[in-house]
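Participant: Provided herewith: structure.tsv, TSV, C-alpha atoms and all ligand atoms.
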chain	number	residue	atom	x	y	z
L	26	MET	CA	108.36	98.03	105.85
L	27	LEU	CA	109.07	98.40	109.58
L	28	SER	CA	107.98	95.77	112.03
L	29	VAL	CA	108.55	96.15	115.74
L	30	ASP	CA	107.68	93.04	117.66
L	31	ALA	CA	107.27	93.03	121.45
L	32	ILE	CA	110.28	95.15	122.38
L	33	ASN	CA	111.17	95.61	126.04
L	34	VAL	CA	113.42	98.58	126.67
L	35	GLY	CA	114.66	100.42	129.74
L	36	TYR	CA	117.39	102.44	131.34
L	37	GLY	CA	119.33	100.30	133.80
L	38	ASP	CA	116.80	98.62	136.05
L	39	THR	CA	113.96	100.92	135.00
L	40	GLN	CA	111.85	99.37	132.29
L	41	VAL	CA	110.09	101.92	130.04
L	42	LEU	CA	108.68	99.96	127.08
L	43	PHE	CA	106.71	96.78	127.68
L	44	ASP	CA	106.18	94.34	124.79
L	45	LEU	CA	105.66	97.23	122.42
L	46	SER	CA	104.74	96.27	118.86
L	47	LEU	CA	103.95	98.36	115.82
L	48	ASP	CA	104.13	98.24	112.03
L	49	VAL	CA	104.65	100.82	109.34
L	50	ALA	CA	103.90	100.03	105.71
L	51	GLU	CA	105.75	101.67	102.84
L	52	GLY	CA	104.22	105.07	101.97
L	53	GLU	CA	102.32	105.30	105.23
L	54	VAL	CA	102.38	108.10	107.77
L	55	VAL	CA	102.07	106.59	111.24
L	56	ALA	CA	101.71	108.69	114.39
L	57	VAL	CA	102.64	107.52	117.85
L	58	VAL	CA	100.91	109.65	120.43
L	59	GLY	CA	100.73	109.67	124.19
L	60	SER	CA	101.37	111.90	127.13
L	61	ASN	CA	104.61	113.09	128.60
L	62	GLY	CA	106.79	110.20	129.74
L	63	ALA	CA	104.76	107.50	127.95
L	64	GLY	CA	107.93	106.24	126.26
L	65	LYS	CA	107.66	107.72	122.77
L	66	THR	CA	111.19	109.08	122.60
L	67	THR	CA	112.56	105.88	124.12
L	68	MET	CA	110.84	103.96	121.32
L	69	LEU	CA	112.35	106.16	118.58
L	70	LYS	CA	115.81	106.01	120.15
L	71	THR	CA	115.55	102.24	120.17
L	72	LEU	CA	114.52	102.16	116.51
L	73	ALA	CA	117.41	104.51	115.71
L	74	GLY	CA	119.91	102.12	117.32
L	75	LEU	CA	120.72	104.44	120.23
L	76	LEU	CA	119.22	102.07	122.80
L	77	GLN	CA	119.18	98.29	122.70
L	78	PRO	CA	116.04	96.34	123.52
L	79	LYS	CA	116.32	93.67	126.21
L	80	SER	CA	114.06	91.48	124.11
L	81	GLY	CA	111.85	91.67	121.03
L	82	THR	CA	112.80	92.35	117.42
L	83	ILE	CA	113.02	95.24	114.98
L	84	THR	CA	112.83	94.34	111.31
L	85	PHE	CA	113.22	96.91	108.56
L	86	GLU	CA	112.75	95.98	104.91
L	87	GLY	CA	113.38	92.35	105.75
L	88	GLN	CA	116.61	93.01	107.70
L	89	ASP	CA	116.91	92.38	111.42
L	90	LEU	CA	118.10	95.67	112.94
L	91	THR	CA	117.43	94.74	116.58
L	92	ARG	CA	121.09	94.88	117.59
L	93	SER	CA	122.31	97.32	114.93
L	94	LYS	CA	124.25	100.43	115.86
L	95	ALA	CA	122.96	103.89	114.99
L	96	TYR	CA	125.30	104.33	111.97
L	97	ASP	CA	124.13	101.01	110.50
L	98	VAL	CA	120.50	101.91	111.01
L	99	VAL	CA	120.99	105.20	109.11
L	100	ASP	CA	122.72	103.32	106.30
L	101	HIS	CA	119.60	101.17	105.96
L	102	GLY	CA	117.57	104.35	105.44
L	103	LEU	CA	115.87	104.49	108.84
L	104	VAL	CA	116.57	108.06	109.89
L	105	TYR	CA	115.81	109.82	113.17
L	106	VAL	CA	115.23	113.56	113.65
L	107	PRO	CA	115.56	113.94	117.43
L	108	GLU	CA	113.53	116.06	119.77
L	109	GLY	CA	115.30	119.37	120.38
L	110	ARG	CA	116.76	119.51	116.84
L	111	ARG	CA	120.39	118.83	117.80
L	112	LEU	CA	121.88	121.00	115.07
L	113	PHE	CA	125.54	122.00	115.03
L	114	PRO	CA	124.95	125.59	116.22
L	115	ARG	CA	128.32	127.01	115.15
L	116	MET	CA	128.11	125.64	111.64
L	117	SER	CA	126.20	127.23	108.80
L	118	VAL	CA	122.78	126.02	107.78
L	119	ARG	CA	124.25	124.63	104.56
L	120	LYS	CA	127.02	122.76	106.39
L	121	ASN	CA	124.43	121.22	108.74
L	122	LEU	CA	122.44	120.09	105.73
L	123	GLU	CA	125.48	118.73	103.92
L	124	LEU	CA	126.38	116.70	107.02
L	125	GLY	CA	123.02	114.99	106.68
L	126	ALA	CA	124.28	113.55	103.40
L	127	TYR	CA	127.48	112.02	104.74
L	128	SER	CA	126.83	108.44	103.66
L	129	PRO	CA	128.25	107.51	100.22
L	130	HIS	CA	124.76	106.73	98.95
L	131	ALA	CA	123.41	110.15	100.02
L	132	ARG	CA	126.55	112.06	99.02
L	133	ALA	CA	126.15	110.99	95.40
L	134	HIS	CA	122.77	112.81	95.33
L	135	ARG	CA	123.71	115.72	97.60
L	136	ASP	CA	123.05	118.64	95.24
L	137	GLU	CA	119.76	117.22	94.05
L	138	GLN	CA	118.65	116.62	97.64
L	139	LEU	CA	119.76	120.11	98.68
L	140	ALA	CA	117.60	121.59	95.90
L	141	PHE	CA	114.69	119.48	97.18
L	142	VAL	CA	114.97	120.64	100.80
L	143	TYR	CA	115.49	124.28	99.75
L	144	ASP	CA	112.33	124.00	97.70
L	145	LEU	CA	110.48	122.56	100.72
L	146	PHE	CA	111.83	125.21	103.12
L	147	PRO	CA	112.84	128.30	101.07
L	148	VAL	CA	113.90	130.13	104.25
L	149	LEU	CA	116.82	127.69	104.59
L	150	LYS	CA	118.09	128.69	101.15
L	151	GLU	CA	117.80	132.37	102.13
L	152	ARG	CA	119.78	131.66	105.30
L	153	GLU	CA	122.19	129.01	104.08
L	154	GLY	CA	125.27	130.99	105.18
L	155	GLN	CA	123.92	131.81	108.65
L	156	LEU	CA	125.09	129.91	111.73
L	157	ALA	CA	122.40	127.36	112.60
L	158	GLY	CA	122.44	128.40	116.28
L	159	THR	CA	121.25	131.88	115.33
L	160	LEU	CA	118.11	130.67	113.52
L	161	SER	CA	114.70	131.02	115.17
L	162	GLY	CA	113.24	127.90	116.83
L	163	GLY	CA	110.97	127.21	113.86
L	164	GLN	CA	113.77	127.63	111.35
L	165	GLN	CA	115.96	125.30	113.41
L	166	GLN	CA	113.21	122.69	113.34
L	167	MET	CA	112.95	123.06	109.55
L	168	CYS	CA	116.73	122.70	109.32
L	169	ALA	CA	116.63	119.53	111.46
L	170	ILE	CA	113.93	117.96	109.28
L	171	ALA	CA	115.79	119.02	106.15
L	172	ARG	CA	119.03	117.51	107.48
L	173	GLY	CA	117.17	114.24	108.00
L	174	LEU	CA	115.85	114.40	104.43
L	175	MET	CA	119.39	115.04	103.11
L	176	SER	CA	120.25	111.43	103.93
L	177	ARG	CA	117.56	110.25	101.45
L	178	PRO	CA	115.70	108.23	104.09
L	179	ARG	CA	113.48	105.29	103.26
L	180	LEU	CA	111.61	106.00	106.50
L	181	LEU	CA	111.91	109.27	108.40
L	182	MET	CA	111.20	109.34	112.14
L	183	LEU	CA	110.30	112.73	113.59
L	184	ASP	CA	110.29	113.35	117.34
L	185	GLU	CA	108.04	116.13	118.66
L	186	VAL	CA	108.56	118.57	115.82
L	187	SER	CA	105.87	120.91	117.16
L	188	LEU	CA	107.40	121.24	120.63
L	189	GLY	CA	107.93	124.84	121.75
L	190	LEU	CA	106.95	126.40	118.42
L	191	ALA	CA	104.39	129.16	117.81
L	192	PRO	CA	101.14	127.86	116.23
L	193	VAL	CA	101.81	129.61	112.92
L	194	ILE	CA	105.23	127.92	112.68
L	195	VAL	CA	103.79	124.53	113.66
L	196	LYS	CA	101.30	124.95	110.80
L	197	ARG	CA	104.12	125.67	108.36
L	198	VAL	CA	106.16	122.67	109.55
L	199	TYR	CA	103.14	120.38	109.25
L	200	GLU	CA	102.39	121.71	105.75
L	201	ALA	CA	105.90	120.61	104.81
L	202	ILE	CA	105.30	117.21	106.40
L	203	ALA	CA	102.11	116.89	104.34
L	204	GLU	CA	104.10	117.77	101.19
L	205	VAL	CA	106.69	115.12	102.02
L	206	LYS	CA	103.88	112.63	102.63
L	207	ASN	CA	102.33	113.45	99.25
L	208	LEU	CA	105.64	112.63	97.61
L	209	GLY	CA	105.22	109.10	98.97
L	210	MET	CA	107.72	109.28	101.83
L	211	THR	CA	107.15	106.91	104.75
L	212	LEU	CA	106.99	108.73	108.07
L	213	LEU	CA	106.80	107.79	111.73
L	214	LEU	CA	105.76	110.78	113.83
L	215	VAL	CA	105.93	111.02	117.58
L	216	GLU	CA	103.85	113.83	119.06
L	217	GLN	CA	102.35	115.09	122.26
L	218	ASN	CA	100.12	117.25	120.06
L	219	VAL	CA	97.66	114.45	119.38
L	220	ARG	CA	95.24	116.41	117.22
L	221	LEU	CA	97.99	117.60	114.92
L	222	ALA	CA	99.64	114.22	114.51
L	223	LEU	CA	96.40	112.33	113.91
L	224	SER	CA	95.22	114.91	111.39
L	225	VAL	CA	98.14	114.10	109.08
L	226	ALA	CA	98.55	110.38	109.88
L	227	ASP	CA	97.10	107.43	108.00
L	228	ARG	CA	97.26	105.37	111.19
L	229	GLY	CA	98.15	105.92	114.77
L	230	TYR	CA	99.13	104.16	117.97
L	231	VAL	CA	98.36	105.46	121.45
L	232	ILE	CA	101.06	104.63	123.98
L	233	GLN	CA	100.47	104.68	127.72
L	234	SER	CA	103.12	103.74	130.28
L	235	GLY	CA	105.26	102.08	127.64
L	236	SER	CA	102.59	99.92	126.00
L	237	VAL	CA	100.30	100.33	123.01
L	238	VAL	CA	96.76	100.73	124.33
L	239	LEU	CA	94.93	101.65	121.15
L	240	THR	CA	95.51	101.64	117.42
L	241	GLY	CA	93.48	102.63	114.38
L	242	THR	CA	93.31	105.05	111.48
L	243	GLY	CA	93.90	108.71	112.31
L	244	GLN	CA	90.18	109.35	111.91
L	245	GLU	CA	89.15	106.40	114.08
L	246	LEU	CA	91.43	107.54	116.89
L	247	MET	CA	90.20	111.14	116.65
L	248	ALA	CA	86.64	109.84	116.98
L	249	ASN	CA	87.46	107.51	119.89
L	250	ASN	CA	85.88	108.68	123.13
L	251	ASN	CA	88.87	107.78	125.31
L	252	VAL	CA	91.25	109.64	123.00
L	253	ARG	CA	88.92	112.63	122.86
L	254	LYS	CA	88.71	112.81	126.65
L	255	ALA	CA	92.32	112.02	127.52
L	256	TYR	CA	94.19	113.83	124.76
L	257	LEU	CA	91.90	116.23	122.93
L	258	GLY	CA	90.25	117.82	125.98
L	259	LEU	CA	86.75	117.15	124.61
E	1	LIG	P1	108.43	113.19	126.43
E	1	LIG	O1	107.51	113.71	125.43
E	1	LIG	O2	108.36	113.89	127.76
E	1	LIG	O3	109.84	113.00	125.94
E	1	LIG	P2	108.07	110.42	126.01
E	1	LIG	O4	106.77	109.73	125.81
E	1	LIG	O5	108.91	110.64	124.83
E	1	LIG	O6	107.84	111.75	126.77
E	1	LIG	P3	110.36	109.17	127.17
E	1	LIG	O7	111.21	110.38	127.00
E	1	LIG	O8	110.60	108.02	126.30
E	1	LIG	O9	108.82	109.57	127.10
E	1	LIG	O10	110.47	108.73	128.69
E	1	LIG	C1	109.80	107.57	129.19
E	1	LIG	C2	110.25	107.31	130.61
E	1	LIG	O11	111.63	106.98	130.63
E	1	LIG	C3	110.07	108.48	131.55
E	1	LIG	O12	109.61	107.99	132.78
E	1	LIG	C4	111.46	109.05	131.68
E	1	LIG	O13	111.65	109.63	132.95
E	1	LIG	C5	112.33	107.81	131.53
E	1	LIG	N1	113.64	108.14	130.95
E	1	LIG	C6	113.84	108.78	129.78
E	1	LIG	N2	115.17	108.90	129.52
E	1	LIG	C7	115.80	108.33	130.58
E	1	LIG	C8	117.19	108.13	130.92
E	1	LIG	N3	118.17	108.54	130.10
E	1	LIG	N4	117.44	107.49	132.08
E	1	LIG	C9	116.45	107.07	132.88
E	1	LIG	N5	115.13	107.21	132.62
E	1	LIG	C10	114.81	107.83	131.50
Represent the structure contained in this file as structure tokens.
Facilitator:
Amino acid sequence: MLSVDAINVGYGDTQVLFDLSLDVAEGEVVAVVGSNGAGKTTMLKTLAGLLQPKSGTITFEGQDLTRSKAYDVVDHGLVYVPEGRRLFPRMSVRKNLELGAYSPHARAHRDEQLAFVYDLFPVLKEREGQLAGTLSGGQQQMCAIARGLMSRPRLLMLDEVSLGLAPVIVKRVYEAIAEVKNLGMTLLLVEQNVRLALSVADRGYVIQSGSVVLTGTGQELMANNNVRKAYLGL
């Protein structure tokens, strides 16, 4: 479904991703893990059309999106939920969600999709009139994921959804991710919490200093000695 082939990406003269390649098949959950600064967010921003690769290609459902702008990428159904949630804090939860369905294709299914995300995260229904900026961190993260789902993505990319959340909230958010996975949604997860991401992923990639150093099924990576030492503290 998604094929990233040898992308090189940087900021000005500083190169961050080096010949990075990965694939995601339809219906798969793929985790990209690695430590702070490895280049995970840079990779997602590039896939989302917010950064342009210097070389390499990004193909999504047979279309070349390498040079596409962010609004085109979303229209193709490749949707990015950024680290730090980026909600509109002075708008209600419902308005934030409705803004997720701004494209004509999503707007036509807005009510149906709203019912789906309220079912996934009932707390958002309870708080639909509240300003998003006054939600707790966990609720804001749920709102950000739900806003991404409102656009009826073909592939949803989630950046560090566990960051800064209490363990009990992380568990709840990951239960929702597992539910979305069971519905057949294709997901690309970026996480510093390696154990968590690999536990839900079909496959994973380990990124170090902007390059893929290891790939395998979630279980293979969890059992890998280097991964266990470097990322799982075992
Ligand atoms: P984190 O989890 O900390 O976000 P990450 O794996 O997502 O880590 P990136 O955020 O992609 O890593 O950062 C990779 C490298 O790119 C880091 O060295 C970072 O300092 C650098 N970097 C990120 N954003 C910029 C920017 N806007 N300008 C210059 N360098 C940047």
Participant: Which residues are near ligand LIG 1 (chain E) - at most 7 Å, using only C-alpha atoms and all ligand atoms? Format: as a list in words.
Facilitator: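 If we count only C-alpha atoms and all ligand atoms, the neighbours of ligand LIG 1 (chain E) turn out to be Tyr36, Thr39, Val41, Gly59, Ser60, Asn61, Gly62, Ala63, Gly64, Lys65, Thr66, Thr67, Met68 and Gln217 of chain L.
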Participant: Can you list, as a list in words, every protein, DNA or RNA residue that comes within 12 Å of Ala131 in chain L when you count all atoms listed in the file, leaving out same-chain residues fewer than 4 positions away?
Facilitator: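 So, after excluding close chain neighbours, the residues are Val99, Asp100, His101, Gly102, Leu122, Glu123, Leu124, Gly125, Ala126, Tyr127, Arg135, Asp136, Glu137, Gln138, Leu139, Arg172, Gly173, Leu174, Met175, Ser176, Arg177, Pro178 and Arg179 of chain L.
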Participant: Box time for range 87-98 of chain L: axis-aligned, enclosing all its listed atoms, 8 Å extra on each side; report centre and edge lengths in Å to one decimal, as JSON.
Facilitator:
{"center_x": 119.3, "center_y": 98.3, "center_z": 111.7, "size_x": 27.9, "size_y": 28.0, "size_z": 27.8}
Participant: Which polymer residues, protein or nucleic acid, are no farther than 12 Å from (110.8, 101.0, 127.4), counting all atoms listed in the file, as a PyMOL selection string?
Facilitator: chain L and resi 31-46+62-72+76-81+232-237
Participant: Of the candidates L:Ala171, L:Thr240, L:Phe113, L:Ser128, which one gets nearest to Ala140 in chain L if we count all atoms listed in the file?
Facilitator: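 Distance minimum relative to Ala140 in chain L lands on L:Ala171.
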Participant: Anything within 9 Å of (108.0, 97.0, 110.0): list those residues as number ranges by chain, counting only C-alpha atoms and sticking to the file's coordinates.
Facilitator: L: 26-30, 47-51, 83-87
Participant: Quick one: pull the distance between CA of Leu212 in chain L and CA of Asn250 in chain L, Å, one decimal.
Facilitator: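 Separating CA of Leu212 in chain L from CA of Asn250 in chain L is a distance of 25.9 Å.
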Participant: Looking at L:Val205, L:Leu75, L:Leu156, L:Glu216, which one is nearest to Arg92 in chain L, with distances taken over all atoms listed in the file?
Facilitator: L:Leu75
Participant: One decimal, in Å: what's the spacing between CA of Gly109 in chain L and CA of Leu180 in chain L?
Facilitator: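 Atom-to-atom, CA of Gly109 in chain L to CA of Leu180 in chain L, that is 19.6 Å.
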Participant: What does the distance between CA of Val225 in chain L and CA of Ala157 in chain L come to in Å, to one decimal place?
Facilitator: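 Going from CA of Val225 in chain L over to CA of Ala157 in chain L, I get 27.9 Å.
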Participant: So that I can see what lies close to Val195 in chain L, please list as a ChimeraX atom specification the residues with an atom at most 10 Å from it, counting all atoms listed in the file and leaving out residues fewer than 4 positions away in the same chain.
Facilitator: /L:163,166,186-191,199-201,221
Participant: Export C-alpha atoms of the chosen residues as an mmCIF file, in the frame of the given file?
Facilitator:
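Output below, filename out02.cif:
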data_model
loop_
_atom_site.group_PDB
_atom_site.id
_atom_site.type_symbol
_atom_site.label_atom_id
_atom_site.label_comp_id
_atom_site.auth_asym_id
_atom_site.auth_seq_id
_atom_site.Cartn_x
_atom_site.Cartn_y
_atom_site.Cartn_z
ATOM 1 C CA GLY L 163 110.970 127.210 113.860
ATOM 2 C CA GLN L 166 113.210 122.690 113.340
ATOM 3 C CA VAL L 186 108.560 118.570 115.820
ATOM 4 C CA SER L 187 105.870 120.910 117.160
ATOM 5 C CA LEU L 188 107.400 121.240 120.630
ATOM 6 C CA GLY L 189 107.930 124.840 121.750
ATOM 7 C CA LEU L 190 106.950 126.400 118.420
ATOM 8 C CA ALA L 191 104.390 129.160 117.810
ATOM 9 C CA TYR L 199 103.140 120.380 109.250
ATOM 10 C CA GLU L 200 102.390 121.710 105.750
ATOM 11 C CA ALA L 201 105.900 120.610 104.810
ATOM 12 C CA LEU L 221 97.990 117.600 114.920
#
Participant: Which residue gives the smallest distance to Met182 in chain L among L:Leu214, L:Leu257, L:Leu149, L:Val57, with only C-alpha atoms counted?
Facilitator: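 Smallest distance to Met182 in chain L is found for L:Leu214.
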Participant: Calculated over all atoms listed in the file, which of the candidates L:Tyr256, L:Tyr96, L:Gln164, L:Pro192 has the smallest distance to Asn218 in chain L?
Facilitator: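 Distance minimum relative to Asn218 in chain L lands on L:Tyr256.
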Participant: Go through L:Leu90, L:Leu160, L:Ala169, L:Met210 and flag the residue nearest Asn121 in chain L, using only C-alpha atoms for the distances.
Facilitator: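 Among L:Leu90, L:Leu160, L:Ala169, L:Met210, it is L:Ala169 that comes nearest to Asn121 in chain L.
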Participant: Pick from L:Leu183, L:Ala56, L:Ala73, L:Val148: nearest to Gln244 in chain L, with only C-alpha atoms counted?
Facilitator: L:Ala56
Participant: Place all heavy atoms on range 63-74 of chain L and deliver the coordinates as a short mmCIF file (atom, residue, chain, number, x, y, z; two decimals), keeping the file's coordinate frame.
Facilitator:
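Done, and the output landed in part-v3.cif:
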data_model
loop_
_atom_site.label_atom_id
_atom_site.label_comp_id
_atom_site.auth_asym_id
_atom_site.auth_seq_id
_atom_site.Cartn_x
_atom_site.Cartn_y
_atom_site.Cartn_z
N ALA L 63 105.38 108.78 128.34
CA ALA L 63 104.76 107.50 127.95
C ALA L 63 105.78 106.53 127.34
O ALA L 63 105.57 105.33 127.33
CB ALA L 63 103.62 107.73 126.97
N GLY L 64 106.88 107.09 126.83
CA GLY L 64 107.93 106.24 126.26
C GLY L 64 108.13 106.43 124.77
O GLY L 64 108.83 105.64 124.12
N LYS L 65 107.59 107.50 124.22
CA LYS L 65 107.66 107.72 122.77
C LYS L 65 109.09 107.93 122.30
O LYS L 65 109.53 107.34 121.32
CB LYS L 65 106.77 108.91 122.37
CG LYS L 65 105.33 108.78 122.85
CD LYS L 65 104.48 109.97 122.48
CE LYS L 65 104.93 111.31 123.05
NZ LYS L 65 104.88 111.42 124.53
N THR L 66 109.81 108.81 123.00
CA THR L 66 111.19 109.08 122.60
C THR L 66 112.06 107.83 122.79
O THR L 66 112.92 107.53 121.96
CB THR L 66 111.76 110.27 123.42
OG1 THR L 66 110.98 111.41 123.10
CG2 THR L 66 113.21 110.53 123.11
N THR L 67 111.81 107.12 123.87
CA THR L 67 112.56 105.88 124.12
C THR L 67 112.35 104.90 122.95
O THR L 67 113.30 104.25 122.48
CB THR L 67 112.08 105.25 125.45
OG1 THR L 67 112.31 106.20 126.50
CG2 THR L 67 112.81 103.95 125.76
N MET L 68 111.13 104.83 122.45
CA MET L 68 110.84 103.96 121.32
C MET L 68 111.64 104.40 120.08
O MET L 68 112.29 103.57 119.42
CB MET L 68 109.34 103.99 121.01
CG MET L 68 108.95 103.09 119.88
SD MET L 68 107.35 103.55 119.19
CE MET L 68 107.79 105.00 118.24
N LEU L 69 111.62 105.69 119.78
CA LEU L 69 112.35 106.16 118.58
C LEU L 69 113.85 105.95 118.74
O LEU L 69 114.53 105.56 117.78
CB LEU L 69 112.05 107.64 118.31
CG LEU L 69 110.68 107.98 117.74
CD1 LEU L 69 110.66 109.42 117.27
CD2 LEU L 69 110.29 107.07 116.58
N LYS L 70 114.36 106.21 119.93
CA LYS L 70 115.81 106.01 120.15
C LYS L 70 116.18 104.55 119.96
O LYS L 70 117.27 104.23 119.48
CB LYS L 70 116.21 106.47 121.57
CG LYS L 70 116.31 107.97 121.69
CD LYS L 70 116.84 108.33 123.06
CE LYS L 70 117.08 109.82 123.19
NZ LYS L 70 117.32 110.21 124.58
N THR L 71 115.29 103.67 120.34
CA THR L 71 115.55 102.24 120.17
C THR L 71 115.55 101.90 118.68
O THR L 71 116.44 101.19 118.19
CB THR L 71 114.49 101.39 120.92
OG1 THR L 71 114.42 101.87 122.25
CG2 THR L 71 114.85 99.92 120.91
N LEU L 72 114.58 102.44 117.95
CA LEU L 72 114.52 102.16 116.51
C LEU L 72 115.75 102.74 115.81
O LEU L 72 116.24 102.17 114.83
CB LEU L 72 113.25 102.76 115.89
CG LEU L 72 111.94 102.17 116.39
CD1 LEU L 72 110.75 102.86 115.74
CD2 LEU L 72 111.91 100.68 116.08
N ALA L 73 116.25 103.86 116.33
CA ALA L 73 117.41 104.51 115.71
C ALA L 73 118.73 103.83 116.08
O ALA L 73 119.79 104.23 115.61
CB ALA L 73 117.45 105.98 116.12
N GLY L 74 118.68 102.83 116.95
CA GLY L 74 119.91 102.12 117.32
C GLY L 74 120.68 102.78 118.45
O GLY L 74 121.83 102.43 118.72
#
